[in-house]
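**Q** My structure is stored as protein-v3.tsv, with TSV, C-alpha atoms and all ligand atoms.
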```tsv
chain	number	residue	atom	x	y	z
A	1	MET	CA	0.00	0.00	0.00
A	2	ILE	CA	1.05	3.60	-0.50
A	3	ALA	CA	2.82	5.20	2.48
A	4	ARG	CA	0.73	7.78	4.34
A	5	VAL	CA	2.30	11.00	5.59
A	6	LEU	CA	0.79	13.75	7.73
A	7	THR	CA	2.17	17.28	7.81
A	8	VAL	CA	1.38	19.41	10.84
A	9	ALA	CA	2.21	22.88	9.57
A	10	GLY	CA	1.02	26.28	8.45
A	11	SER	CA	-0.79	27.15	5.26
A	12	ALA	CA	1.27	29.39	2.99
A	13	ALA	CA	-1.33	30.94	0.74
A	14	GLN	CA	1.21	31.83	-1.95
A	15	GLY	CA	1.63	28.11	-2.59
A	16	SER	CA	5.40	27.77	-2.37
A	17	ALA	CA	5.95	26.82	1.27
A	18	GLY	CA	4.12	25.36	4.26
A	19	ILE	CA	1.52	22.66	3.77
A	20	GLN	CA	1.19	23.58	0.11
A	21	ALA	CA	4.85	22.70	-0.46
A	22	ASP	CA	4.53	19.62	1.71
A	23	LEU	CA	1.53	18.22	-0.15
A	24	LYS	CA	3.06	18.94	-3.57
A	25	THR	CA	6.26	17.24	-2.47
A	26	PHE	CA	4.39	14.26	-1.04
A	27	GLN	CA	2.61	13.85	-4.38
A	28	GLU	CA	5.91	14.07	-6.28
A	29	ARG	CA	7.50	11.48	-4.01
A	30	ASP	CA	4.48	9.19	-4.31
A	31	VAL	CA	3.19	9.15	-0.76
A	32	TYR	CA	-0.37	9.84	0.35
A	33	GLY	CA	-0.40	13.34	1.86
A	34	MET	CA	-2.53	14.68	4.70
A	35	ALA	CA	-2.42	17.98	6.54
A	36	ALA	CA	-3.27	19.39	9.96
A	37	ILE	CA	-3.17	23.18	9.61
A	38	THR	CA	-1.77	25.08	12.58
A	39	ALA	CA	-1.94	28.62	11.20
A	40	ILE	CA	-2.49	30.57	8.00
A	41	VAL	CA	0.12	32.88	6.51
A	42	ALA	CA	-1.36	35.18	3.89
A	43	ASN	CA	0.61	38.41	3.67
A	44	ASN	CA	-0.61	40.51	0.81
A	45	PRO	CA	-0.82	44.15	-0.25
A	46	VAL	CA	-4.59	44.46	0.30
A	47	THR	CA	-5.69	43.17	3.70
A	48	SER	CA	-4.18	44.43	6.93
A	49	GLU	CA	-4.19	41.04	8.63
A	50	GLY	CA	-2.02	38.30	7.13
A	51	MET	CA	-1.46	35.85	9.95
A	52	PHE	CA	-4.14	33.68	11.55
A	53	THR	CA	-3.76	31.03	14.26
A	54	ASN	CA	-5.88	27.90	14.24
A	55	SER	CA	-7.59	26.74	17.43
A	56	LEU	CA	-6.08	23.87	19.42
A	57	GLU	CA	-9.40	22.02	18.99
A	58	ALA	CA	-9.18	22.28	15.21
A	59	ILE	CA	-5.57	21.10	15.18
A	60	GLU	CA	-6.37	18.10	17.38
A	61	ALA	CA	-9.42	17.20	15.26
A	62	GLN	CA	-7.34	17.26	12.07
A	63	PHE	CA	-4.63	15.14	13.67
A	64	TYR	CA	-7.08	12.45	14.77
A	65	THR	CA	-8.87	12.49	11.41
A	66	ALA	CA	-5.60	11.56	9.74
A	67	VAL	CA	-4.43	9.13	12.41
A	68	LYS	CA	-7.71	7.31	13.08
A	69	ASN	CA	-9.54	7.46	9.74
A	70	VAL	CA	-6.60	6.84	7.42
A	71	GLY	CA	-3.52	5.86	9.42
A	72	VAL	CA	-0.15	7.50	9.37
A	73	ASP	CA	3.25	6.01	8.49
A	74	GLY	CA	5.20	9.19	9.04
A	75	VAL	CA	4.75	12.74	10.31
A	76	LYS	CA	6.41	16.01	9.48
A	77	THR	CA	6.06	19.22	11.48
A	78	GLY	CA	6.61	22.67	9.98
A	79	MET	CA	5.30	26.00	11.26
A	80	LEU	CA	3.94	25.47	14.78
A	81	PHE	CA	3.83	29.16	15.71
A	82	THR	CA	3.06	29.06	19.47
A	83	LYS	CA	4.17	27.29	22.60
A	84	GLU	CA	0.59	26.08	23.13
A	85	ILE	CA	0.47	24.45	19.69
A	86	ILE	CA	3.83	22.78	20.28
A	87	SER	CA	2.62	21.40	23.65
A	88	LEU	CA	-0.50	20.01	21.98
A	89	VAL	CA	1.47	18.45	19.11
A	90	VAL	CA	3.91	16.89	21.59
A	91	ARG	CA	1.02	15.38	23.56
A	92	LEU	CA	-0.59	14.02	20.37
A	93	LEU	CA	2.68	12.55	19.11
A	94	GLU	CA	3.49	10.98	22.47
A	95	LYS	CA	0.11	9.22	22.48
A	96	ASN	CA	0.29	8.25	18.80
A	97	ALA	CA	3.97	7.78	18.05
A	98	PRO	CA	4.57	7.63	14.29
A	99	ALA	CA	7.26	5.33	12.84
A	100	SER	CA	9.18	8.42	11.75
A	101	LEU	CA	8.99	12.10	12.62
A	102	VAL	CA	10.71	14.93	10.76
A	103	VAL	CA	10.79	18.22	12.67
A	104	ASP	CA	11.54	21.28	10.57
A	105	PRO	CA	12.04	24.00	13.20
A	106	VAL	CA	10.53	26.73	11.03
A	107	MET	CA	11.08	30.21	12.48
A	108	ILE	CA	11.13	32.93	9.83
A	109	GLY	CA	9.65	32.93	6.32
A	110	LYS	CA	11.65	34.04	3.27
A	111	MET	CA	9.64	37.27	3.25
A	112	GLY	CA	10.50	37.89	6.91
A	113	SER	CA	7.31	36.77	8.67
A	114	GLN	CA	7.81	35.41	12.17
A	115	LEU	CA	6.52	31.84	12.06
A	116	LEU	CA	7.52	30.82	15.59
A	117	LYS	CA	7.09	33.00	18.66
A	118	ASP	CA	10.24	33.65	20.68
A	119	ASP	CA	8.80	32.04	23.80
A	120	ALA	CA	8.08	28.81	21.89
A	121	ILE	CA	11.67	27.88	21.03
A	122	GLU	CA	12.40	26.25	24.37
A	123	GLU	CA	9.31	24.02	24.19
A	124	MET	CA	10.34	22.90	20.70
A	125	ARG	CA	13.90	22.17	21.76
A	126	GLU	CA	13.13	20.43	25.06
A	127	ARG	CA	9.92	18.53	24.28
A	128	LEU	CA	9.52	18.09	20.51
A	129	PHE	CA	13.12	17.38	19.48
A	130	PRO	CA	13.36	14.25	21.69
A	131	LEU	CA	10.51	12.70	19.66
A	132	ALA	CA	12.12	13.39	16.29
A	133	THR	CA	13.83	11.00	13.92
A	134	VAL	CA	15.41	13.99	12.18
A	135	ILE	CA	15.49	17.73	12.81
A	136	THR	CA	16.32	19.99	9.87
A	137	PRO	CA	17.38	23.48	11.04
A	138	ASN	CA	18.98	26.01	8.73
A	139	LEU	CA	21.88	28.09	10.04
A	140	HIS	CA	19.73	30.84	11.50
A	141	GLU	CA	17.46	28.35	13.26
A	142	ALA	CA	20.44	26.41	14.64
A	143	GLU	CA	21.90	29.65	16.05
A	144	ARG	CA	18.60	30.60	17.69
A	145	ILE	CA	17.99	27.13	19.15
A	146	MET	CA	21.46	26.95	20.68
A	147	GLU	CA	21.56	30.66	21.55
A	148	SER	CA	24.98	30.68	19.92
A	149	GLY	CA	26.90	33.15	17.81
A	150	PRO	CA	26.84	33.00	14.01
A	151	ILE	CA	27.72	29.72	12.26
A	152	THR	CA	30.04	30.66	9.41
A	153	SER	CA	31.86	27.52	8.24
A	154	LYS	CA	31.50	23.80	7.69
A	155	GLU	CA	33.49	23.14	10.87
A	156	GLU	CA	31.12	25.30	12.90
A	157	MET	CA	28.16	23.50	11.31
A	158	LYS	CA	29.58	20.18	12.51
A	159	HIS	CA	30.04	21.54	15.99
A	160	ALA	CA	26.47	22.86	15.98
A	161	ALA	CA	25.10	19.51	14.73
A	162	LYS	CA	26.76	17.77	17.67
A	163	SER	CA	25.34	20.28	20.15
A	164	LEU	CA	21.84	20.01	18.68
A	165	HIS	CA	21.98	16.23	18.78
A	166	ARG	CA	22.08	16.41	22.58
A	167	PHE	CA	18.46	17.59	22.64
A	168	GLY	CA	17.43	14.06	21.73
A	169	ALA	CA	16.64	13.75	18.01
A	170	ASP	CA	18.09	10.60	16.40
A	171	TYR	CA	19.61	12.64	13.54
A	172	VAL	CA	20.39	16.30	12.98
A	173	ILE	CA	20.78	17.77	9.53
A	174	ILE	CA	21.95	21.36	9.34
A	175	LYS	CA	21.27	23.12	6.05
A	176	GLY	CA	24.08	25.40	4.96
A	177	GLY	CA	22.18	27.15	2.18
A	178	ALA	CA	22.92	30.50	3.87
A	179	LEU	CA	26.70	30.03	3.84
A	180	PRO	CA	28.44	32.21	1.26
A	181	GLU	CA	30.18	29.25	-0.42
A	182	ASP	CA	28.69	26.10	-1.92
A	183	ALA	CA	25.42	24.81	-0.48
A	184	VAL	CA	26.52	22.19	2.03
A	185	ASP	CA	24.32	20.16	4.36
A	186	ILE	CA	25.71	18.22	7.31
A	187	LEU	CA	24.05	15.13	8.79
A	188	TYR	CA	25.03	13.88	12.25
A	189	ASP	CA	23.77	10.65	13.81
A	190	GLY	CA	25.52	10.82	17.17
A	191	ASN	CA	28.61	9.03	15.83
A	192	GLY	CA	29.69	10.45	12.53
A	193	PHE	CA	28.96	13.00	9.83
A	194	MET	CA	27.76	12.85	6.27
A	195	GLU	CA	28.01	15.81	3.92
A	196	TRP	CA	26.17	16.89	0.82
A	197	GLU	CA	27.64	19.67	-1.24
A	198	GLN	CA	26.19	21.34	-4.32
A	199	PRO	CA	27.47	24.33	-6.24
A	200	ARG	CA	25.39	27.38	-5.30
A	201	ILE	CA	22.54	28.00	-7.72
A	202	ASP	CA	22.34	31.65	-8.63
A	203	THR	CA	18.72	32.52	-7.85
A	204	ILE	CA	16.71	34.44	-5.26
A	205	HIS	CA	13.68	32.24	-5.93
A	206	THR	CA	14.03	29.76	-3.10
A	207	SER	CA	10.71	30.11	-1.30
A	208	GLY	CA	9.67	26.72	0.02
A	209	ALA	CA	13.09	25.11	-0.30
A	210	GLY	CA	13.32	24.21	3.39
A	211	CYS	CA	9.73	22.94	3.60
A	212	SER	CA	10.15	20.84	0.47
A	213	PHE	CA	13.44	19.38	1.66
A	214	SER	CA	12.01	18.21	4.99
A	215	ALA	CA	8.80	17.01	3.31
A	216	ALA	CA	10.85	14.92	0.88
A	217	ILE	CA	12.80	13.41	3.80
A	218	ALA	CA	9.50	12.60	5.55
A	219	ALA	CA	8.15	10.96	2.39
A	220	GLU	CA	11.21	8.78	1.88
A	221	LEU	CA	11.31	7.73	5.55
A	222	ALA	CA	7.61	6.79	5.42
A	223	LYS	CA	8.41	4.58	2.40
A	224	GLY	CA	11.02	2.81	4.49
A	225	ALA	CA	14.25	4.46	3.41
A	226	ALA	CA	17.12	4.85	5.87
A	227	VAL	CA	17.78	8.44	6.95
A	228	GLU	CA	20.98	8.78	4.86
A	229	GLN	CA	19.14	7.58	1.75
A	230	ALA	CA	16.13	9.82	2.48
A	231	VAL	CA	18.38	12.87	2.77
A	232	ASN	CA	20.18	11.91	-0.42
A	233	THR	CA	16.93	11.80	-2.37
A	234	ALA	CA	15.61	14.96	-0.69
A	235	LYS	CA	18.78	16.88	-1.56
A	236	ALA	CA	18.51	15.90	-5.24
A	237	TYR	CA	14.80	16.73	-5.17
A	238	VAL	CA	15.22	20.21	-3.68
A	239	THR	CA	18.27	21.04	-5.80
A	240	ALA	CA	16.19	20.43	-8.94
A	241	ALA	CA	13.33	22.46	-7.42
A	242	ILE	CA	15.66	25.44	-6.86
A	243	GLU	CA	17.37	25.05	-10.24
A	244	HIS	CA	14.01	25.31	-12.02
A	245	ALA	CA	12.42	27.80	-9.61
A	246	LEU	CA	9.38	29.78	-10.73
A	247	ASP	CA	9.71	33.55	-10.97
A	248	PHE	CA	6.20	34.94	-10.72
A	249	GLY	CA	7.56	38.46	-10.80
A	250	LYS	CA	6.53	39.49	-7.27
A	251	GLY	CA	9.36	39.13	-4.77
A	252	ILE	CA	10.91	35.78	-3.99
A	253	GLY	CA	9.53	33.14	-6.34
A	254	SER	CA	8.69	29.52	-5.63
A	255	THR	CA	10.82	26.45	-5.87
A	256	TYR	CA	9.34	24.19	-8.55
A	257	HIS	CA	8.03	21.12	-6.83
A	258	ALA	CA	7.71	19.03	-10.00
A	259	ALA	CA	11.22	19.81	-11.32
A	260	TYR	CA	12.93	16.63	-10.12
A	261	ARG	CA	10.43	14.42	-11.96
A	262	LYS	CA	10.23	16.55	-15.11
A	263	HIS	CA	13.84	17.52	-15.63
A	264	ARG	CA	15.60	14.44	-14.36
A	265	ALA	CA	13.61	12.25	-16.71
A	266	ARG	CA	14.85	14.03	-19.85
B	301	LIG	O1	9.35	28.71	4.39
B	301	LIG	C1	8.87	28.62	5.65
B	301	LIG	C2	7.39	28.64	5.77
B	301	LIG	C3	6.79	27.61	6.45
B	301	LIG	N1	5.48	27.56	6.68
B	301	LIG	C4	4.67	28.55	6.25
B	301	LIG	C5	5.18	29.62	5.54
B	301	LIG	C6	6.57	29.68	5.27
B	301	LIG	C7	7.11	30.80	4.51
B	301	LIG	O2	6.41	31.59	3.95
B	301	LIG	O3	4.36	30.60	5.12
B	301	LIG	C8	3.22	28.46	6.54
```
Please go through the file and, once you have read it, give me the structure as structure tokens.
Ligand code: PXL
**A**
Amino acid sequence: MIARVLTVAGSAAQGSAGIQADLKTFQERDVYGMAAITAIVANNPVTSEGMFTNSLEAIEAQFYTAVKNVGVDGVKTGMLFTKEIISLVVRLLEKNAPASLVVDPVMIGKMGSQLLKDDAIEEMRERLFPLATVITPNLHEAERIMESGPITSKEEMKHAAKSLHRFGADYVIIKGGALPEDAVDILYDGNGFMEWEQPRIDTIHTSGAGCSFSAAIAAELAKGAAVEQAVNTAKAYVTAAIEHALDFGKGIGSTYHAAYRKHRAR
């Protein structure tokens, strides 16, 4: 049967990130996608309000609809926004432990929106990370989680991966997309490191890259891949999505979620 994956994340109305990116990625990686929406991000030039939080009741109802009516082989979390939502998600995951859990510690959107409140970081680090198979921070998120200075090199990324591993996730992958050199990602499993390096792609259109990367890892894990293999596939997937990004002409464009399938096949 097809593997079933639930994303617990925010809706990104522009379609590039959040649950929209997750569901597109799930489809591309041939898993059955489901979503529990925590919040809605809809910044636009017309309405004054662009950020809406879902109720805890609605989040719990969505979670149980997926878990009880369909069944879940793997879970991914993205934007969780508040400490209260993180506490709820922790409680739900403790009671209904999935075979694999990818935690993307989403904090700030590419357009600058704050997607995690400052007072929620500790709850994420202390209570959610210990449940995770993999956590996928970028450099900025790693710095905030560890309350450290800037991470500026591959060596510092390795050091950070080791420190983050102590919070209890089985694997830590730090995404070095924000380093000035090549795009390097470092995976640490508590014993050793693996590295993925790609020449930097010259584009500003990377909205949804992080969401799609963690969603692809979640999809591969749910299908039974080992973490190293899942990251390998996810890196190839997101590299193609950035290479063929979509420039809609308004700000930072979207990664192209179908690029890996369409362009690799040629
Ligand atoms: O890219 C991070 C992200 C995650 N989740 C939601 C978002 C964004 C960025 O816009 O809107 C809901």
**Q** With only C-alpha atoms and all ligand atoms as the atoms that count, which of A:Ile252, A:Ala178, A:Met194, A:Ala230 lies nearest to ligand LIG 301 (chain B)?
**A**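 Looking at the shortest contact to ligand LIG 301 (chain B), the residue is A:Ile252.
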**Q** Rank nothing, just name the residue among A:Ser87, A:Thr255, A:Ser207, A:Ser153 nearest to ligand LIG 301 (chain B), using only C-alpha atoms and all ligand atoms.
**A** A:Ser207
**Q** In Å, rounded to a single decimal, give me how far CA of Ser113 in chain A is from CA of Glu220 in chain A.
**A** 29.1 Å
**Q** Counting only C-alpha atoms and all ligand atoms, what residues are within 8 Å of ligand LIG 301 (chain B), given as number ranges by chain?
**A** A: 9-14, 16-19, 39-42, 78-79, 106-111, 113, 115, 207-211
**Q** Using all atoms listed in the file, can you tell me which of A:Val46, A:Ala218, A:Leu179, A:Val134 comes closest to Thr7 in chain A?
**A** A:Ala218
**Q** Using all atoms listed in the file, pick whichever of A:Lys250, A:Lys158, A:Lys76, A:Lys223 has the shortest atom-to-atom distance to Val31 in chain A.
**A**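 Between A:Lys250, A:Lys158, A:Lys76, A:Lys223, the residue approaching Val31 in chain A most closely is A:Lys223.
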**Q** Write out, as CSV, each residue of range 68-110 of chain A that has an atom at most 8 Å from range 47-63 of chain A, together with the closest pair of atoms and their distance in Å to one decimal, counting only C-alpha atoms, rows going by chain and rising number.
**A**
```
residue,atom,partner,partner_atom,distance
A:Phe81,CA,A:Thr53,CA,8.0
A:Glu84,CA,A:Leu56,CA,7.9
A:Ile85,CA,A:Leu56,CA,6.6
A:Leu88,CA,A:Leu56,CA,7.3
A:Leu92,CA,A:Glu60,CA,7.7
```
**Q** For CA of Phe193 in chain A and CA of Thr136 in chain A, quote the distance in Å rounded to one decimal.
**A**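 CA of Thr136 in chain A lies at a distance of 14.4 Å from CA of Phe193 in chain A.
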**Q** Choose the residue, out of A:Asn44, A:Gln229, A:Gln198, A:Asn191, that has the smallest atom-to-atom separation from Gly251 in chain A; count only C-alpha atoms.
**A**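 Among A:Asn44, A:Gln229, A:Gln198, A:Asn191, it is A:Asn44 that comes nearest to Gly251 in chain A.
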**Q** So which one's closest to Met124 in chain A, A:Ala169, A:Val67, A:Ala226, A:Ile86? Using only C-alpha atoms, please.
**A**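 Selected residue with least distance to Met124 in chain A: A:Ile86.
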**Q** If the box runs along x, y and z of the file and leaves 3 Å on each side of range 103-110 of chain A, what are its centre and edge lengths in Å, one decimal, as AutoDock Vina command-line options?
**A**
```
--center_x 10.8 --center_y 26.1 --center_z 8.2 --size_x 8.4 --size_y 21.8 --size_z 15.9
```
